[in-house]
$ cat structure_39.csv   # CSV, N, CA and C atoms and all ligand atoms
chain,number,residue,atom,x,y,z
A,1,MET,N,0.8,-1.2,0.0
A,1,MET,CA,0.0,0.0,0.0
A,1,MET,C,0.9,1.3,0.0
A,2,PHE,N,1.8,1.4,0.9
A,2,PHE,CA,2.7,2.5,0.9
A,2,PHE,C,4.1,2.2,0.3
A,3,GLN,N,4.6,3.1,-0.4
A,3,GLN,CA,6.0,2.9,-1.0
A,3,GLN,C,6.6,4.3,-1.2
A,4,LYS,N,7.9,4.3,-1.2
A,4,LYS,CA,8.6,5.5,-1.5
A,4,LYS,C,8.4,5.9,-2.9
A,5,LEU,N,8.4,7.3,-3.1
A,5,LEU,CA,8.2,7.8,-4.5
A,5,LEU,C,9.5,8.0,-5.2
A,6,HIS,N,10.6,7.8,-4.5
A,6,HIS,CA,11.9,8.0,-5.1
A,6,HIS,C,12.9,7.0,-4.5
A,7,GLU,N,14.0,6.8,-5.2
A,7,GLU,CA,15.0,6.0,-4.7
A,7,GLU,C,16.0,6.9,-4.0
A,8,PRO,N,16.3,6.7,-2.7
A,8,PRO,CA,17.2,7.6,-2.1
A,8,PRO,C,18.6,7.5,-2.6
A,9,PRO,N,19.4,8.6,-2.6
A,9,PRO,CA,20.8,8.5,-2.9
A,9,PRO,C,21.5,7.5,-2.0
A,10,SER,N,22.5,6.8,-2.5
A,10,SER,CA,23.1,5.8,-1.7
A,10,SER,C,23.7,6.3,-0.4
A,11,ALA,N,24.1,7.6,-0.4
A,11,ALA,CA,24.7,8.2,0.9
A,11,ALA,C,23.6,8.4,1.9
A,12,GLN,N,22.3,8.3,1.5
A,12,GLN,CA,21.2,8.5,2.5
A,12,GLN,C,20.6,7.2,2.9
A,13,LYS,N,21.0,6.1,2.3
A,13,LYS,CA,20.4,4.8,2.7
A,13,LYS,C,21.0,4.3,4.0
A,14,LEU,N,20.2,3.6,4.8
A,14,LEU,CA,20.7,3.0,6.0
A,14,LEU,C,19.8,1.7,6.2
A,15,VAL,N,20.2,0.9,7.2
A,15,VAL,CA,19.4,-0.3,7.5
A,15,VAL,C,19.0,-0.2,9.0
A,16,VAL,N,17.8,-0.5,9.2
A,16,VAL,CA,17.3,-0.7,10.6
A,16,VAL,C,16.7,-2.2,10.6
A,17,TYR,N,16.4,-2.6,11.8
A,17,TYR,CA,15.9,-3.9,12.0
A,17,TYR,C,14.5,-3.9,12.6
A,18,ILE,N,13.5,-4.5,12.0
A,18,ILE,CA,12.2,-4.6,12.5
A,18,ILE,C,11.9,-6.0,12.9
A,19,ASP,N,11.7,-6.3,14.2
A,19,ASP,CA,11.5,-7.7,14.7
A,19,ASP,C,12.7,-8.5,14.2
A,20,GLY,N,13.9,-8.0,14.1
A,20,GLY,CA,15.1,-8.7,13.8
A,20,GLY,C,15.4,-8.8,12.3
A,21,ALA,N,14.5,-8.4,11.4
A,21,ALA,CA,14.7,-8.4,10.0
A,21,ALA,C,15.3,-7.1,9.5
A,22,PRO,N,16.3,-7.2,8.6
A,22,PRO,CA,16.9,-5.9,8.1
A,22,PRO,C,15.9,-5.3,7.1
A,23,VAL,N,15.8,-3.9,7.3
A,23,VAL,CA,14.8,-3.2,6.4
A,23,VAL,C,15.6,-1.9,5.9
A,24,ASP,N,15.4,-1.6,4.7
A,24,ASP,CA,16.0,-0.4,4.1
A,24,ASP,C,15.3,0.9,4.6
A,25,ALA,N,16.0,1.9,4.9
A,25,ALA,CA,15.4,3.2,5.4
A,25,ALA,C,16.3,4.3,4.8
A,26,GLU,N,15.8,5.5,5.0
A,26,GLU,CA,16.5,6.7,4.4
A,26,GLU,C,16.7,7.7,5.6
A,27,ARG,N,17.9,8.1,5.6
A,27,ARG,CA,18.3,9.1,6.6
A,27,ARG,C,17.2,10.3,6.6
A,28,GLY,N,16.7,10.6,7.8
A,28,GLY,CA,15.8,11.7,7.9
A,28,GLY,C,14.3,11.3,8.0
A,29,GLU,N,14.0,10.1,7.6
A,29,GLU,CA,12.6,9.7,7.7
A,29,GLU,C,12.3,9.1,9.1
A,30,SER,N,11.0,9.1,9.4
A,30,SER,CA,10.6,8.6,10.7
A,30,SER,C,10.5,7.1,10.7
A,31,VAL,N,10.6,6.5,11.9
A,31,VAL,CA,10.5,5.1,12.1
A,31,VAL,C,9.1,4.7,11.6
A,32,ALA,N,8.1,5.5,11.9
A,32,ALA,CA,6.7,5.2,11.5
A,32,ALA,C,6.6,5.1,10.0
A,33,ALA,N,7.3,5.9,9.2
A,33,ALA,CA,7.3,5.8,7.8
A,33,ALA,C,7.8,4.5,7.3
A,34,VAL,N,8.9,4.0,8.0
A,34,VAL,CA,9.4,2.7,7.6
A,34,VAL,C,8.4,1.6,7.9
A,35,ILE,N,7.8,1.7,9.1
A,35,ILE,CA,6.8,0.7,9.5
A,35,ILE,C,5.7,0.6,8.4
A,36,LEU,N,5.3,1.8,7.9
A,36,LEU,CA,4.1,1.8,7.0
A,36,LEU,C,4.4,1.1,5.7
A,37,ARG,N,5.7,0.8,5.4
A,37,ARG,CA,6.0,0.1,4.1
A,37,ARG,C,6.2,-1.4,4.4
A,38,GLN,N,6.0,-1.8,5.6
A,38,GLN,CA,6.2,-3.3,5.9
A,38,GLN,C,4.9,-4.1,5.9
A,39,ARG,N,5.1,-5.3,5.7
A,39,ARG,CA,4.0,-6.3,5.8
A,39,ARG,C,4.4,-7.3,6.8
A,40,PRO,N,3.6,-7.7,7.8
A,40,PRO,CA,2.3,-7.1,8.0
A,40,PRO,C,2.4,-5.7,8.5
A,41,LEU,N,1.4,-4.9,8.2
A,41,LEU,CA,1.4,-3.4,8.6
A,41,LEU,C,0.8,-3.2,9.9
A,42,TRP,N,1.6,-3.2,11.0
A,42,TRP,CA,1.1,-2.9,12.3
A,42,TRP,C,2.4,-2.6,13.2
A,43,SER,N,2.1,-1.7,14.2
A,43,SER,CA,3.3,-1.4,15.1
A,43,SER,C,3.0,-1.8,16.5
A,44,ARG,N,1.8,-2.0,16.9
A,44,ARG,CA,1.5,-2.4,18.3
A,44,ARG,C,0.2,-3.1,18.3
A,45,THR,N,-0.1,-3.8,19.4
A,45,THR,CA,-1.4,-4.3,19.7
A,45,THR,C,-2.0,-3.6,20.9
A,46,THR,N,-3.3,-3.5,21.0
A,46,THR,CA,-3.9,-2.8,22.2
A,46,THR,C,-3.8,-3.7,23.4
A,47,ALA,N,-3.8,-3.0,24.6
A,47,ALA,CA,-3.6,-3.7,25.9
A,47,ALA,C,-4.7,-4.7,26.2
A,48,VAL,N,-6.0,-4.4,25.8
A,48,VAL,CA,-7.1,-5.1,26.3
A,48,VAL,C,-7.5,-6.2,25.3
A,49,THR,N,-7.7,-5.9,24.0
A,49,THR,CA,-8.2,-6.8,23.0
A,49,THR,C,-7.1,-7.4,22.1
A,50,GLN,N,-5.9,-6.9,22.2
A,50,GLN,CA,-4.8,-7.3,21.3
A,50,GLN,C,-5.0,-6.9,19.9
A,51,ALA,N,-5.9,-6.0,19.6
A,51,ALA,CA,-6.1,-5.5,18.2
A,51,ALA,C,-4.9,-4.8,17.7
A,52,ARG,N,-4.6,-5.0,16.4
A,52,ARG,CA,-3.5,-4.4,15.8
A,52,ARG,C,-3.7,-3.0,15.5
A,53,ARG,N,-2.7,-2.1,15.7
A,53,ARG,CA,-2.7,-0.7,15.3
A,53,ARG,C,-1.5,-0.4,14.5
A,54,ALA,N,-1.7,0.6,13.6
A,54,ALA,CA,-0.5,1.1,12.8
A,54,ALA,C,-0.5,2.6,12.9
A,55,PRO,N,0.7,3.2,12.5
A,55,PRO,CA,0.7,4.7,12.5
A,55,PRO,C,-0.4,5.3,11.7
A,56,TYR,N,-1.0,6.3,12.3
A,56,TYR,CA,-2.2,6.9,11.7
A,56,TYR,C,-2.0,8.4,11.5
A,57,CYS,N,-1.9,9.2,12.5
A,57,CYS,CA,-1.9,10.6,12.4
A,57,CYS,C,-0.5,11.2,11.9
A,58,MET,N,0.6,10.5,12.2
A,58,MET,CA,1.9,10.9,11.9
A,58,MET,C,2.3,12.3,12.5
A,59,ALA,N,1.6,12.6,13.6
A,59,ALA,CA,1.8,13.9,14.2
A,59,ALA,C,1.9,13.9,15.7
A,60,GLY,N,2.1,12.7,16.3
A,60,GLY,CA,2.2,12.6,17.8
A,60,GLY,C,0.9,12.7,18.5
A,61,VAL,N,-0.2,12.5,17.9
A,61,VAL,CA,-1.5,12.6,18.5
A,61,VAL,C,-2.2,11.3,18.9
A,62,CYS,N,-2.2,10.3,18.0
A,62,CYS,CA,-3.1,9.1,18.2
A,62,CYS,C,-2.4,8.0,19.0
A,63,PHE,N,-1.1,8.0,19.1
A,63,PHE,CA,-0.4,6.9,19.8
A,63,PHE,C,-0.6,5.5,19.2
A,64,ASP,N,-1.1,5.4,18.0
A,64,ASP,CA,-1.2,4.1,17.4
A,64,ASP,C,0.2,3.6,16.8
A,65,CYS,N,1.2,4.5,16.8
A,65,CYS,CA,2.5,4.1,16.3
A,65,CYS,C,3.5,3.6,17.3
A,66,LEU,N,3.0,3.4,18.5
A,66,LEU,CA,4.0,3.0,19.6
A,66,LEU,C,4.7,1.7,19.2
A,67,ALA,N,5.9,1.7,19.5
A,67,ALA,CA,6.7,0.5,19.3
A,67,ALA,C,7.9,0.5,20.3
A,68,ILE,N,8.6,-0.6,20.3
A,68,ILE,CA,9.8,-0.7,21.2
A,68,ILE,C,11.0,-0.3,20.3
A,69,VAL,N,11.8,0.7,20.6
A,69,VAL,CA,12.9,1.2,19.8
A,69,VAL,C,14.2,1.1,20.7
A,70,ASP,N,15.1,0.3,20.2
A,70,ASP,CA,16.4,0.1,21.0
A,70,ASP,C,16.1,-0.2,22.4
A,71,GLY,N,15.1,-1.0,22.7
A,71,GLY,CA,14.8,-1.5,24.0
A,71,GLY,C,13.9,-0.6,24.8
A,72,VAL,N,13.5,0.5,24.3
A,72,VAL,CA,12.7,1.5,25.0
A,72,VAL,C,11.2,1.3,24.5
A,73,ALA,N,10.3,0.9,25.4
A,73,ALA,CA,8.9,0.7,25.1
A,73,ALA,C,8.1,2.0,24.9
A,74,SER,N,7.0,1.9,24.1
A,74,SER,CA,6.1,3.0,24.0
A,74,SER,C,6.7,4.2,23.4
A,75,VAL,N,7.6,4.0,22.4
A,75,VAL,CA,8.2,5.1,21.7
A,75,VAL,C,7.2,5.5,20.6
A,76,GLN,N,6.9,6.8,20.5
A,76,GLN,CA,6.1,7.3,19.4
A,76,GLN,C,6.9,7.4,18.1
A,77,THR,N,6.8,6.4,17.3
A,77,THR,CA,7.7,6.2,16.1
A,77,THR,C,7.5,7.3,15.1
A,78,CYS,N,6.3,8.0,15.1
A,78,CYS,CA,6.2,9.0,14.1
A,78,CYS,C,7.0,10.3,14.4
A,79,LEU,N,7.5,10.3,15.7
A,79,LEU,CA,8.3,11.5,16.1
A,79,LEU,C,9.7,11.1,16.3
A,80,THR,N,10.1,9.9,15.8
A,80,THR,CA,11.4,9.3,16.0
A,80,THR,C,12.1,9.1,14.7
A,81,GLU,N,13.3,9.7,14.5
A,81,GLU,CA,14.0,9.6,13.2
A,81,GLU,C,14.8,8.3,13.3
A,82,VAL,N,14.9,7.6,12.1
A,82,VAL,CA,15.7,6.4,12.0
A,82,VAL,C,17.2,6.7,12.2
A,83,ARG,N,17.9,5.7,12.8
A,83,ARG,CA,19.4,5.8,12.9
A,83,ARG,C,19.9,4.5,12.4
A,84,PRO,N,21.1,4.5,11.8
A,84,PRO,CA,21.7,3.2,11.3
A,84,PRO,C,21.7,2.1,12.4
A,85,GLY,N,21.2,0.9,12.1
A,85,GLY,CA,21.3,-0.2,13.0
A,85,GLY,C,20.2,-0.2,14.1
A,86,MET,N,19.3,0.8,14.0
A,86,MET,CA,18.2,0.9,15.0
A,86,MET,C,17.4,-0.4,15.1
A,87,ARG,N,17.1,-0.8,16.3
A,87,ARG,CA,16.3,-2.1,16.5
A,87,ARG,C,14.9,-1.7,16.9
A,88,ILE,N,13.9,-2.1,16.1
A,88,ILE,CA,12.5,-1.7,16.3
A,88,ILE,C,11.8,-3.0,16.5
A,89,GLU,N,11.0,-3.1,17.5
A,89,GLU,CA,10.1,-4.3,17.7
A,89,GLU,C,8.7,-3.8,17.8
A,90,ARG,N,7.8,-4.6,17.1
A,90,ARG,CA,6.4,-4.3,17.3
A,90,ARG,C,6.0,-4.6,18.8
A,91,GLN,N,5.2,-3.7,19.3
A,91,GLN,CA,4.9,-3.8,20.7
A,91,GLN,C,3.6,-4.5,20.9
A,92,ARG,N,3.7,-5.6,21.8
A,92,ARG,CA,2.5,-6.4,21.9
A,92,ARG,C,1.9,-6.2,23.3
A,93,GLY,N,0.7,-5.7,23.3
A,93,GLY,CA,-0.1,-5.6,24.5
A,93,GLY,C,0.4,-4.6,25.5
A,94,ARG,N,0.1,-4.8,26.8
A,94,ARG,CA,0.4,-3.9,27.9
A,94,ARG,C,1.9,-3.9,28.2
A,95,ARG,N,2.4,-2.7,28.5
A,95,ARG,CA,3.8,-2.5,29.0
A,95,ARG,C,3.9,-2.6,30.5
A,96,GLU,N,5.0,-3.0,31.0
A,96,GLU,CA,5.2,-3.0,32.4
A,96,GLU,C,5.8,-1.6,32.8
A,97,LEU,N,5.5,-1.1,34.0
A,97,LEU,CA,6.1,0.1,34.5
A,97,LEU,C,7.4,-0.2,35.1
A,98,ALA,N,8.4,0.6,34.8
A,98,ALA,CA,9.7,0.5,35.4
A,98,ALA,C,9.6,0.8,36.9
A,99,ARG,N,10.3,0.0,37.7
A,99,ARG,CA,10.3,0.3,39.2
A,99,ARG,C,11.6,0.8,39.7
B,101,LIG,S1,1.1,8.1,14.3
B,101,LIG,FE1,-0.2,9.1,15.7
B,101,LIG,S2,1.0,9.4,17.4
B,101,LIG,FE2,2.4,8.5,16.0

$ encode --input "structure_39.csv" --output "structure tokens" --more "lines below"
Ligand code: FES
Amino acid sequence: MFQKLHEPPSAQKLVVYIDGAPVDAERGESVAAVILRQRPLWSRTTAVTQARRAPYCMAGVCFDCLAIVDGVASVQTCLTEVRPGMRIERQRGRRELAR
């Protein structure tokens, strides 16, 4: 459904990992933009019904883009820029509070 409209220059290309799989990304784009190009298309499941959610507003409002980024849970991926080697995990259900 979503795809890039251009091929990024090689100097702008980088690789991130989504659930352990290498994925091409472009310097300056958000993690949510990368997630939107993946299949299956989802970033988290809800805490109660485990329904899948995917980035929606791309503006930090809906919280449907939450994922685990480099071990940090509930990161708003639409507000997070990709970095080389970044580890992104789809977030499943409820998070535990740090004590
Ligand atoms: S896509 Fe809505 S808060 Fe990130």

$ residues_near_ligand --input "structure_39.csv" --ligand "ligand LIG 101 (chain B)" --cutoff "6 Å" --atoms "only C-alpha atoms and all ligand atoms" --output "PyMOL selection string"
chain A and resi 55-65+76-78

$ residues_around --input "structure_39.csv" --residues "Arg53 in chain A" --least-positions-apart "2" --cutoff "6 Å" --atoms "only N, CA and C atoms" --output "PyMOL selection string"
chain A and resi 41-46+51+55+64

$ write_last_selection --input "structure_39.csv" --atoms "N, CA and C atoms" --output "tab-separated table (two decimals), in the frame of the given file"
chain	number	residue	atom	x	y	z
A	41	LEU	N	1.40	-4.90	8.20
A	41	LEU	CA	1.40	-3.40	8.60
A	41	LEU	C	0.80	-3.20	9.90
A	42	TRP	N	1.60	-3.20	11.00
A	42	TRP	CA	1.10	-2.90	12.30
A	42	TRP	C	2.40	-2.60	13.20
A	43	SER	N	2.10	-1.70	14.20
A	43	SER	CA	3.30	-1.40	15.10
A	43	SER	C	3.00	-1.80	16.50
A	44	ARG	N	1.80	-2.00	16.90
A	44	ARG	CA	1.50	-2.40	18.30
A	44	ARG	C	0.20	-3.10	18.30
A	45	THR	N	-0.10	-3.80	19.40
A	45	THR	CA	-1.40	-4.30	19.70
A	45	THR	C	-2.00	-3.60	20.90
A	46	THR	N	-3.30	-3.50	21.00
A	46	THR	CA	-3.90	-2.80	22.20
A	46	THR	C	-3.80	-3.70	23.40
A	51	ALA	N	-5.90	-6.00	19.60
A	51	ALA	CA	-6.10	-5.50	18.20
A	51	ALA	C	-4.90	-4.80	17.70
A	55	PRO	N	0.70	3.20	12.50
A	55	PRO	CA	0.70	4.70	12.50
A	55	PRO	C	-0.40	5.30	11.70
A	64	ASP	N	-1.10	5.40	18.00
A	64	ASP	CA	-1.20	4.10	17.40
A	64	ASP	C	0.20	3.60	16.80

$ closest_residue --input "structure_39.csv" --among "A:Leu66, A:Val72, A:Leu79, A:Met86" --to "Leu14 in chain A" --atoms "only C-alpha atoms"
A:Met86

$ residues_around --input "structure_39.csv" --residues "Glu81 in chain A" --least-positions-apart "6" --cutoff "8 Å" --atoms "all atoms listed in the file" --output "PyMOL selection string"
chain A and resi 26-32

$ atom_distance --input "structure_39.csv" --atom1 "CA of Lys4 in chain A" --atom2 "atom C of Ala25 in chain A"
10.0 Å
